[in-house]
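Okay, protein-v3.cif now, which holds mmCIF, N, CA and C atoms, pLDDT in the B column; chains and numbers go by the auth columns:
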data_model
#
loop_
_atom_site.group_PDB
_atom_site.id
_atom_site.type_symbol
_atom_site.label_atom_id
_atom_site.label_comp_id
_atom_site.label_asym_id
_atom_site.label_seq_id
_atom_site.Cartn_x
_atom_site.Cartn_y
_atom_site.Cartn_z
_atom_site.B_iso_or_equiv
_atom_site.auth_seq_id
_atom_site.auth_asym_id
ATOM 1 N N PRO A 1 -100.070 -104.216 58.260 73.00 215 A
ATOM 2 C CA PRO A 1 -99.993 -102.756 58.410 73.00 215 A
ATOM 3 C C PRO A 1 -100.086 -102.065 57.048 73.00 215 A
ATOM 4 N N LEU A 2 -100.661 -100.887 57.049 76.00 216 A
ATOM 5 C CA LEU A 2 -100.813 -100.142 55.803 76.00 216 A
ATOM 6 C C LEU A 2 -99.475 -99.557 55.376 76.00 216 A
ATOM 7 N N SER A 3 -99.254 -99.558 54.077 90.00 217 A
ATOM 8 C CA SER A 3 -98.051 -98.919 53.560 90.00 217 A
ATOM 9 C C SER A 3 -98.251 -97.409 53.596 90.00 217 A
ATOM 10 N N GLU A 4 -97.161 -96.687 53.406 91.00 218 A
ATOM 11 C CA GLU A 4 -97.223 -95.223 53.383 91.00 218 A
ATOM 12 C C GLU A 4 -98.221 -94.762 52.321 91.00 218 A
ATOM 13 N N GLN A 5 -98.161 -95.397 51.158 89.00 219 A
ATOM 14 C CA GLN A 5 -99.032 -95.041 50.041 89.00 219 A
ATOM 15 C C GLN A 5 -100.500 -95.234 50.418 89.00 219 A
ATOM 16 N N GLN A 6 -100.787 -96.341 51.097 86.00 220 A
ATOM 17 C CA GLN A 6 -102.162 -96.622 51.490 86.00 220 A
ATOM 18 C C GLN A 6 -102.646 -95.610 52.519 86.00 220 A
ATOM 19 N N ARG A 7 -101.767 -95.275 53.465 87.00 221 A
ATOM 20 C CA ARG A 7 -102.159 -94.283 54.475 87.00 221 A
ATOM 21 C C ARG A 7 -102.481 -92.952 53.803 87.00 221 A
ATOM 22 N N GLU A 8 -101.672 -92.575 52.804 88.00 222 A
ATOM 23 C CA GLU A 8 -101.915 -91.321 52.088 88.00 222 A
ATOM 24 C C GLU A 8 -103.235 -91.374 51.336 88.00 222 A
ATOM 25 N N ALA A 9 -103.527 -92.516 50.723 87.00 223 A
ATOM 26 C CA ALA A 9 -104.781 -92.671 49.983 87.00 223 A
ATOM 27 C C ALA A 9 -105.966 -92.526 50.929 87.00 223 A
ATOM 28 N N VAL A 10 -105.858 -93.138 52.097 85.00 224 A
ATOM 29 C CA VAL A 10 -106.941 -93.055 53.077 85.00 224 A
ATOM 30 C C VAL A 10 -107.107 -91.612 53.541 85.00 224 A
ATOM 31 N N ALA A 11 -105.997 -90.946 53.829 88.00 225 A
ATOM 32 C CA ALA A 11 -106.053 -89.560 54.294 88.00 225 A
ATOM 33 C C ALA A 11 -106.668 -88.662 53.223 88.00 225 A
ATOM 34 N N ARG A 12 -106.272 -88.895 51.971 89.00 226 A
ATOM 35 C CA ARG A 12 -106.795 -88.087 50.867 89.00 226 A
ATOM 36 C C ARG A 12 -108.305 -88.309 50.731 89.00 226 A
ATOM 37 N N THR A 13 -108.717 -89.563 50.823 85.00 227 A
ATOM 38 C CA THR A 13 -110.141 -89.874 50.711 85.00 227 A
ATOM 39 C C THR A 13 -110.907 -89.262 51.866 85.00 227 A
ATOM 40 N N GLN A 14 -110.306 -89.296 53.051 86.00 228 A
ATOM 41 C CA GLN A 14 -110.949 -88.698 54.220 86.00 228 A
ATOM 42 C C GLN A 14 -111.191 -87.207 53.974 86.00 228 A
ATOM 43 N N ARG A 15 -110.198 -86.549 53.376 87.00 229 A
ATOM 44 C CA ARG A 15 -110.364 -85.121 53.074 87.00 229 A
ATOM 45 C C ARG A 15 -111.463 -84.908 52.038 87.00 229 A
ATOM 46 N N GLU A 16 -111.533 -85.812 51.057 83.00 230 A
ATOM 47 C CA GLU A 16 -112.585 -85.705 50.041 83.00 230 A
ATOM 48 C C GLU A 16 -113.957 -85.858 50.683 83.00 230 A
ATOM 49 N N ILE A 17 -114.049 -86.825 51.604 81.00 231 A
ATOM 50 C CA ILE A 17 -115.320 -87.045 52.302 81.00 231 A
ATOM 51 C C ILE A 17 -115.682 -85.792 53.085 81.00 231 A
ATOM 52 N N ASP A 18 -114.711 -85.249 53.810 81.00 232 A
ATOM 53 C CA ASP A 18 -114.955 -84.032 54.589 81.00 232 A
ATOM 54 C C ASP A 18 -115.438 -82.905 53.678 81.00 232 A
ATOM 55 N N ALA A 19 -114.832 -82.800 52.498 84.00 233 A
ATOM 56 C CA ALA A 19 -115.222 -81.754 51.561 84.00 233 A
ATOM 57 C C ALA A 19 -116.654 -81.976 51.079 84.00 233 A
ATOM 58 N N LEU A 20 -116.977 -83.233 50.767 78.00 234 A
ATOM 59 C CA LEU A 20 -118.336 -83.553 50.325 78.00 234 A
ATOM 60 C C LEU A 20 -119.335 -83.223 51.417 78.00 234 A
ATOM 61 N N VAL A 21 -119.022 -83.624 52.629 76.00 235 A
ATOM 62 C CA VAL A 21 -119.909 -83.362 53.764 76.00 235 A
ATOM 63 C C VAL A 21 -120.055 -81.860 53.951 76.00 235 A
ATOM 64 N N GLY A 22 -118.951 -81.136 53.795 77.00 236 A
ATOM 65 C CA GLY A 22 -118.989 -79.690 53.924 77.00 236 A
ATOM 66 C C GLY A 22 -119.911 -79.064 52.894 77.00 236 A
ATOM 67 N N GLU A 23 -119.839 -79.560 51.654 71.00 237 A
ATOM 68 C CA GLU A 23 -120.702 -79.036 50.594 71.00 237 A
ATOM 69 C C GLU A 23 -122.162 -79.291 50.924 71.00 237 A
ATOM 70 N N VAL A 24 -122.443 -80.498 51.392 68.00 238 A
ATOM 71 C CA VAL A 24 -123.822 -80.849 51.736 68.00 238 A
ATOM 72 C C VAL A 24 -124.293 -79.978 52.892 68.00 238 A
ATOM 73 N N ALA A 25 -123.424 -79.800 53.889 66.00 239 A
ATOM 74 C CA ALA A 25 -123.785 -79.004 55.065 66.00 239 A
ATOM 75 C C ALA A 25 -124.088 -77.561 54.663 66.00 239 A
ATOM 76 N N ASP A 26 -123.364 -77.062 53.653 69.00 240 A
ATOM 77 C CA ASP A 26 -123.578 -75.685 53.196 69.00 240 A
ATOM 78 C C ASP A 26 -124.984 -75.478 52.645 69.00 240 A
ATOM 79 N N LEU A 27 -125.602 -76.553 52.202 66.00 241 A
ATOM 80 C CA LEU A 27 -126.943 -76.447 51.644 66.00 241 A
ATOM 81 C C LEU A 27 -127.982 -76.328 52.752 66.00 241 A
ATOM 82 N N GLY A 28 -127.542 -76.460 54.006 66.00 242 A
ATOM 83 C CA GLY A 28 -128.453 -76.341 55.123 66.00 242 A
ATOM 84 C C GLY A 28 -129.246 -77.611 55.366 66.00 242 A
ATOM 85 N N GLU A 29 -128.886 -78.669 54.666 61.00 243 A
ATOM 86 C CA GLU A 29 -129.559 -79.951 54.870 61.00 243 A
ATOM 87 C C GLU A 29 -128.887 -80.675 56.030 61.00 243 A
ATOM 88 N N PRO A 30 -129.614 -81.577 56.664 60.00 244 A
ATOM 89 C CA PRO A 30 -128.926 -82.414 57.653 60.00 244 A
ATOM 90 C C PRO A 30 -127.827 -83.201 56.936 60.00 244 A
ATOM 91 N N THR A 31 -126.696 -83.339 57.596 59.00 245 A
ATOM 92 C CA THR A 31 -125.559 -83.977 56.937 59.00 245 A
ATOM 93 C C THR A 31 -125.663 -85.494 57.016 59.00 245 A
ATOM 94 N N VAL A 32 -126.407 -86.044 56.071 69.00 246 A
ATOM 95 C CA VAL A 32 -126.521 -87.496 55.972 69.00 246 A
ATOM 96 C C VAL A 32 -126.194 -87.847 54.532 69.00 246 A
ATOM 97 N N LEU A 33 -125.121 -88.594 54.349 71.00 247 A
ATOM 98 C CA LEU A 33 -124.765 -88.981 52.990 71.00 247 A
ATOM 99 C C LEU A 33 -125.662 -90.130 52.559 71.00 247 A
ATOM 100 N N PRO A 34 -126.188 -90.061 51.346 77.00 248 A
ATOM 101 C CA PRO A 34 -126.985 -91.183 50.846 77.00 248 A
ATOM 102 C C PRO A 34 -126.114 -92.426 50.724 77.00 248 A
ATOM 103 N N PRO A 35 -126.711 -93.610 50.911 81.00 249 A
ATOM 104 C CA PRO A 35 -125.949 -94.872 50.830 81.00 249 A
ATOM 105 C C PRO A 35 -125.140 -94.990 49.547 81.00 249 A
ATOM 106 N N GLU A 36 -125.703 -94.511 48.427 85.00 250 A
ATOM 107 C CA GLU A 36 -124.971 -94.623 47.150 85.00 250 A
ATOM 108 C C GLU A 36 -123.665 -93.843 47.221 85.00 250 A
ATOM 109 N N THR A 37 -123.714 -92.679 47.851 81.00 251 A
ATOM 110 C CA THR A 37 -122.511 -91.857 47.965 81.00 251 A
ATOM 111 C C THR A 37 -121.474 -92.559 48.810 81.00 251 A
ATOM 112 N N ILE A 38 -121.909 -93.101 49.942 79.00 252 A
ATOM 113 C CA ILE A 38 -120.989 -93.810 50.832 79.00 252 A
ATOM 114 C C ILE A 38 -120.385 -94.997 50.095 79.00 252 A
ATOM 115 N N GLU A 39 -121.222 -95.709 49.348 84.00 253 A
ATOM 116 C CA GLU A 39 -120.760 -96.873 48.598 84.00 253 A
ATOM 117 C C GLU A 39 -119.693 -96.459 47.586 84.00 253 A
ATOM 118 N N LYS A 40 -119.958 -95.350 46.889 85.00 254 A
ATOM 119 C CA LYS A 40 -119.001 -94.855 45.899 85.00 254 A
ATOM 120 C C LYS A 40 -117.664 -94.537 46.560 85.00 254 A
ATOM 121 N N ILE A 41 -117.745 -93.886 47.719 80.00 255 A
ATOM 122 C CA ILE A 41 -116.532 -93.519 48.445 80.00 255 A
ATOM 123 C C ILE A 41 -115.766 -94.773 48.851 80.00 255 A
ATOM 124 N N VAL A 42 -116.494 -95.754 49.377 83.00 256 A
ATOM 125 C CA VAL A 42 -115.852 -97.000 49.809 83.00 256 A
ATOM 126 C C VAL A 42 -115.162 -97.669 48.628 83.00 256 A
ATOM 127 N N HIS A 43 -115.852 -97.722 47.478 87.00 257 A
ATOM 128 C CA HIS A 43 -115.255 -98.352 46.298 87.00 257 A
ATOM 129 C C HIS A 43 -113.995 -97.618 45.874 87.00 257 A
ATOM 130 N N ARG A 44 -114.024 -96.285 45.967 84.00 258 A
ATOM 131 C CA ARG A 44 -112.857 -95.502 45.586 84.00 258 A
ATOM 132 C C ARG A 44 -111.691 -95.808 46.520 84.00 258 A
ATOM 133 N N VAL A 45 -111.994 -95.910 47.808 83.00 259 A
ATOM 134 C CA VAL A 45 -110.940 -96.224 48.778 83.00 259 A
ATOM 135 C C VAL A 45 -110.346 -97.587 48.452 83.00 259 A
ATOM 136 N N MET A 46 -111.213 -98.562 48.185 84.00 260 A
ATOM 137 C CA MET A 46 -110.743 -99.907 47.877 84.00 260 A
ATOM 138 C C MET A 46 -109.825 -99.876 46.660 84.00 260 A
ATOM 139 N N ARG A 47 -110.240 -99.115 45.619 86.00 261 A
ATOM 140 C CA ARG A 47 -109.411 -99.013 44.419 86.00 261 A
ATOM 141 C C ARG A 47 -108.068 -98.395 44.747 86.00 261 A
ATOM 142 N N GLN A 48 -108.086 -97.324 45.552 80.00 262 A
ATOM 143 C CA GLN A 48 -106.842 -96.643 45.886 80.00 262 A
ATOM 144 C C GLN A 48 -105.918 -97.552 46.690 80.00 262 A
ATOM 145 N N LEU A 49 -106.519 -98.435 47.491 80.00 263 A
ATOM 146 C CA LEU A 49 -105.695 -99.345 48.288 80.00 263 A
ATOM 147 C C LEU A 49 -105.244 -100.532 47.442 80.00 263 A
ATOM 148 N N GLY A 50 -105.792 -100.642 46.243 80.00 264 A
ATOM 149 C CA GLY A 50 -105.380 -101.693 45.332 80.00 264 A
ATOM 150 C C GLY A 50 -105.905 -103.059 45.715 80.00 264 A
ATOM 151 N N THR A 51 -107.091 -103.102 46.332 63.00 265 A
ATOM 152 C CA THR A 51 -107.672 -104.403 46.694 63.00 265 A
ATOM 153 C C THR A 51 -108.681 -104.819 45.651 63.00 265 A
#
Serialized structure, structure tokens:
Amino acid sequence: PLSEQQREAVARTQREIDALVGEVADLGEPTVLPPETIEKIVHRVMRQLGT
């Protein structure tokens, strides 16, 4: 099970992703994150979870 800290990190990252998606959506482009962006986000989550 995830610790409280890990759950918070995931929630925070989720909000960051939502914000990024929101910014992209504001440009009127279809909301598709490039693979590099998704990869960066995943790596950040992994770091925050301490894996």
Subject >> Residues within 8 Å of Gln262 of chain A, only N, CA and C atoms, excluding chain neighbours under 2 positions, as a PyMOL selection string >> reply: chain A and resi 219-220+223-224+256-260+264-265
Subject >> Between atom C of Pro215 of chain A and atom C of Leu263 of chain A, distance in Å (one decimal) >> reply: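 If I compute the distance from atom C of Pro215 of chain A to atom C of Leu263 of chain A, I get 11.0 Å.
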Subject >> Interatomic distance (Å, one decimal) between atom CA of Glu253 of chain A and atom N of Gln228 of chain A >> reply: 13.7 Å
**OP:** Grab the atom CA of Asp232 of chain A to atom CA of Leu216 of chain A distance for me, in Å with one decimal place.
**Re:**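 These two atoms are separated by 21.5 Å.
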**OP:** Can you check which residues of chain A DSSP gives as alpha helix (DSSP H) on the backbone and send them as a ChimeraX atom specification?
**Re:** /A:218-240,249-263
